[in-house]
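Quick look at work24.cif (mmCIF, C-alpha atoms):
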```cif
data_final
loop_
_atom_site.group_PDB
_atom_site.id
_atom_site.type_symbol
_atom_site.label_atom_id
_atom_site.label_comp_id
_atom_site.auth_asym_id
_atom_site.auth_seq_id
_atom_site.Cartn_x
_atom_site.Cartn_y
_atom_site.Cartn_z
ATOM 1 C CA LEU A 1341 2.196 -24.025 -5.078
ATOM 2 C CA LEU A 1342 1.597 -21.053 -2.819
ATOM 3 C CA LEU A 1343 1.237 -17.679 -4.550
ATOM 4 C CA ASP A 1344 2.103 -14.481 -2.683
ATOM 5 C CA VAL A 1345 0.186 -11.788 -4.550
ATOM 6 C CA ARG A 1346 1.576 -8.761 -2.705
ATOM 7 C CA ALA A 1347 3.819 -6.194 -4.395
ATOM 8 C CA ALA A 1348 7.323 -7.483 -5.112
ATOM 9 C CA PRO A 1349 9.117 -5.256 -2.542
ATOM 10 C CA ARG A 1350 6.892 -6.636 0.207
ATOM 11 C CA TYR A 1351 7.479 -10.210 -0.966
ATOM 12 C CA ARG A 1352 11.249 -9.661 -1.040
ATOM 13 C CA GLY A 1353 11.169 -8.204 2.479
ATOM 14 C CA GLU A 1354 12.393 -4.769 1.442
ATOM 15 C CA THR A 1355 9.395 -3.013 2.946
ATOM 16 C CA GLU A 1356 6.401 -3.905 5.091
ATOM 17 C CA PRO A 1357 3.990 -1.043 5.750
ATOM 18 C CA ILE A 1358 1.505 -3.018 7.864
ATOM 19 C CA ASP A 1359 2.977 -6.023 9.661
ATOM 20 C CA PRO A 1360 5.896 -6.116 12.120
ATOM 21 C CA VAL A 1361 7.903 -8.577 9.971
ATOM 22 C CA ALA A 1362 8.836 -8.260 6.294
ATOM 23 C CA GLY A 1363 9.304 -11.126 3.855
ATOM 24 C CA HIS A 1364 7.274 -14.073 2.599
ATOM 25 C CA VAL A 1365 6.243 -17.614 3.466
ATOM 26 C CA PRO A 1366 9.177 -19.884 2.563
ATOM 27 C CA GLY A 1367 8.569 -21.545 -0.800
ATOM 28 C CA ALA A 1368 5.920 -19.042 -1.923
ATOM 29 C CA VAL A 1369 6.131 -17.631 -5.450
ATOM 30 C CA ASN A 1370 5.495 -13.939 -6.026
ATOM 31 C CA LEU A 1371 2.780 -13.039 -8.530
ATOM 32 C CA PRO A 1372 1.595 -9.475 -7.806
ATOM 33 C CA ALA A 1373 -2.070 -8.966 -8.612
ATOM 34 C CA PRO A 1374 -1.462 -6.301 -11.296
ATOM 35 C CA GLU A 1375 0.292 -8.974 -13.362
ATOM 36 C CA TYR A 1376 -2.969 -10.780 -14.079
ATOM 37 C CA VAL A 1377 -5.589 -8.026 -13.757
ATOM 38 C CA ALA A 1378 -5.703 -5.049 -16.114
ATOM 39 C CA GLU A 1379 -7.799 -1.939 -15.578
ATOM 40 C CA GLY A 1380 -9.854 -3.683 -12.918
ATOM 41 C CA ARG A 1381 -10.813 -6.588 -15.169
ATOM 42 C CA PHE A 1382 -9.678 -10.152 -15.561
ATOM 43 C CA PRO A 1383 -8.340 -11.171 -18.964
ATOM 44 C CA THR A 1384 -9.690 -14.241 -20.752
ATOM 45 C CA ALA A 1385 -9.506 -17.654 -19.101
ATOM 46 C CA ASP A 1386 -6.797 -18.642 -21.586
ATOM 47 C CA ALA A 1387 -4.701 -15.582 -20.728
ATOM 48 C CA LEU A 1388 -5.127 -16.299 -17.007
ATOM 49 C CA ARG A 1389 -4.083 -19.923 -17.492
ATOM 50 C CA GLU A 1390 -0.973 -18.799 -19.380
ATOM 51 C CA ARG A 1391 0.028 -16.263 -16.707
ATOM 52 C CA PHE A 1392 -0.540 -18.704 -13.858
ATOM 53 C CA ALA A 1393 1.373 -21.442 -15.703
ATOM 54 C CA ALA A 1394 4.288 -19.030 -16.194
ATOM 55 C CA ALA A 1395 4.299 -18.514 -12.412
ATOM 56 C CA GLY A 1396 4.537 -22.266 -11.895
ATOM 57 C CA VAL A 1397 0.904 -23.252 -11.404
ATOM 58 C CA ALA A 1398 0.711 -26.826 -12.690
ATOM 59 C CA GLU A 1399 -2.540 -28.503 -13.644
ATOM 60 C CA ALA A 1400 -2.237 -31.418 -11.238
ATOM 61 C CA ALA A 1401 -0.584 -29.658 -8.274
ATOM 62 C CA PRO A 1402 -2.514 -27.974 -5.443
ATOM 63 C CA VAL A 1403 -2.460 -24.172 -5.562
ATOM 64 C CA GLY A 1404 -3.253 -21.520 -2.983
ATOM 65 C CA ALA A 1405 -2.827 -17.788 -2.533
ATOM 66 C CA TYR A 1406 -2.198 -15.252 0.196
ATOM 67 C CA CYS A 1407 -1.552 -11.530 0.434
ATOM 68 C CA GLY A 1408 -1.310 -9.195 3.406
ATOM 69 C CA SER A 1409 -4.717 -9.769 4.945
ATOM 70 C CA GLY A 1410 -6.548 -12.064 2.511
ATOM 71 C CA VAL A 1411 -8.518 -9.566 0.424
ATOM 72 C CA THR A 1412 -6.377 -9.458 -2.720
ATOM 73 C CA ALA A 1413 -5.682 -13.175 -2.460
ATOM 74 C CA ALA A 1414 -9.448 -13.788 -2.610
ATOM 75 C CA GLN A 1415 -9.382 -12.051 -6.002
ATOM 76 C CA THR A 1416 -6.539 -14.366 -7.023
ATOM 77 C CA VAL A 1417 -8.571 -17.425 -6.056
ATOM 78 C CA LEU A 1418 -11.432 -16.103 -8.199
ATOM 79 C CA ALA A 1419 -9.006 -15.628 -11.104
ATOM 80 C CA LEU A 1420 -7.719 -19.173 -10.607
ATOM 81 C CA HIS A 1421 -11.324 -20.435 -10.656
ATOM 82 C CA LEU A 1422 -11.926 -18.532 -13.906
ATOM 83 C CA ALA A 1423 -8.756 -20.154 -15.273
ATOM 84 C CA GLY A 1424 -10.188 -23.599 -14.554
ATOM 85 C CA ARG A 1425 -8.814 -24.214 -11.050
ATOM 86 C CA PRO A 1426 -11.928 -24.514 -8.837
ATOM 87 C CA ASP A 1427 -9.735 -26.291 -6.263
ATOM 88 C CA ALA A 1428 -7.614 -23.172 -5.569
ATOM 89 C CA ALA A 1429 -7.328 -22.395 -1.858
ATOM 90 C CA LEU A 1430 -7.213 -19.114 0.034
ATOM 91 C CA TYR A 1431 -4.954 -18.651 3.046
ATOM 92 C CA VAL A 1432 -7.469 -16.397 4.772
ATOM 93 C CA GLY A 1433 -5.143 -15.105 7.492
ATOM 94 C CA SER A 1434 -2.441 -14.372 4.933
ATOM 95 C CA TRP A 1435 0.838 -12.662 5.867
ATOM 96 C CA SER A 1436 -0.599 -10.935 8.938
ATOM 97 C CA ASN A 1437 -1.562 -14.307 10.390
ATOM 98 C CA TRP A 1438 1.691 -15.999 9.357
ATOM 99 C CA VAL A 1439 3.921 -13.500 11.175
ATOM 100 C CA ALA A 1440 1.675 -13.378 14.253
ATOM 101 C CA ASP A 1441 3.486 -16.548 15.364
ATOM 102 C CA PRO A 1442 7.182 -15.689 15.885
ATOM 103 C CA GLY A 1443 8.057 -19.388 15.540
ATOM 104 C CA ARG A 1444 7.097 -19.496 11.868
ATOM 105 C CA PRO A 1445 9.916 -19.179 9.329
ATOM 106 C CA VAL A 1446 10.211 -16.099 7.128
ATOM 107 C CA ALA A 1447 12.041 -15.890 3.807
ATOM 108 C CA THR A 1448 13.336 -12.805 2.019
ATOM 109 C CA GLY A 1449 14.753 -12.122 -1.420
ATOM 110 C CA GLU A 1450 13.723 -12.938 -4.964
ATOM 111 C CA ALA A 1451 13.600 -16.709 -5.255
ATOM 112 C CA PRO A 1452 11.350 -18.935 -3.205
ATOM 113 C CA ALA A 1453 13.213 -20.772 -0.488
ATOM 114 C CA GLY A 1454 11.679 -24.218 -0.812
#
```
Kindly transcribe the structure held in the file into structure tokens.
Amino acid sequence: LLLDVRAAPRYRGETEPIDPVAGHVPGAVNLPAPEYVAEGRFPTADALRERFAAAGVAEAAPVGAYCGSGVTAAQTVLALHLAGRPDAALYVGSWSNWVADPGRPVATGEAPAG
């Protein structure tokens, strides 16, 4: 599962203040960072596990995260580690890297296009 942790309007492709292309990596699930961090702090490991599970993170399936440039996604990987997923991966280049290659597909809208 690939988590896109940018704000929902950026994920849906409604706005893109930084990169030349709006949207998300096809198949990615949107889980904006404020949905699992409150007042600059992570909730308990149990609460993180519940939120990630609600987003589709399954115990046995690989999971990774990206954002616009990789910074917020690094926080997501830390949260996944705290939730018991030390195998969580970071797409370091994130959206900026993805759209740098015009041959890569781009999805828009609410639901992941798997």
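Distance annotation: of A:Pro1372, A:Pro1402, A:Pro1349, A:Gly1410, the residue with the minimal separation from A:Trp1438 is A:Gly1410; atom set is all atoms listed in the file.
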Polymer residues at most 12 Å from A:Ala1398, all atoms listed in the file, same-chain spacing of 3 or more positions, as a ChimeraX atom specification = /A:1341-1342,1389-1395,1401-1404,1420,1423-1425,1428
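The coordinates place atom CA of A:Gly1363 at 6.3 Å from atom CA of A:Arg1350.
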List every protein, DNA or RNA residue that has at least one atom no more than 10 Å from (-3.8, -8.4, 7.8) in the file's coordinates, counting only C-alpha atoms, and write the result as a list in words.
->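 Using only C-alpha atoms, the matching residues come out as Ile1358, Asp1359, Cys1407, Gly1408, Ser1409, Gly1410, Val1411, Val1432, Gly1433, Ser1434, Trp1435, Ser1436, Asn1437, Trp1438, Val1439 and Ala1440 of chain A.
A straight line drawn from atom CA of A:His1421 to atom CA of A:Val1446 is 28.3 Å long.
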Between atom CA of A:Pro1374 and atom CA of A:Glu1450, distance in Å (one decimal) |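 If I compute the distance from atom CA of A:Pro1374 to atom CA of A:Glu1450, I get 17.7 Å.
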Take every atom of stretch 1362-1375 of chain A listed in the file, fit an axis-aligned box around them, add 6 Å per side, and give the centre and edge lengths in Å to one decimal as JSON.
```
{"center_x": 3.6, "center_y": -13.9, "center_z": -3.5, "size_x": 23.4, "size_y": 27.2, "size_z": 31.7}
```
Evaluate the PyMOL selection byres ((chain A and resi 1447) around 10) and record the selected residues as a PyMOL selection string, following the chain and residue labels used in the document.
-> chain A and resi 1351-1353+1362-1368+1445-1446+1448-1454
Using all atoms listed in the file, determine which residues lie at most 8 Å from A:Ala1413, disregarding the query and same-chain residues fewer than 5 positions distant; provide the list as a PyMOL selection string.
-> chain A and resi 1344-1345+1405-1407+1430-1431
For A:Ala1387, which residue among A:Glu1356, A:Asn1370, A:Ala1429, A:Glu1375 is the nearest when counting only C-alpha atoms?
-> A:Glu1375
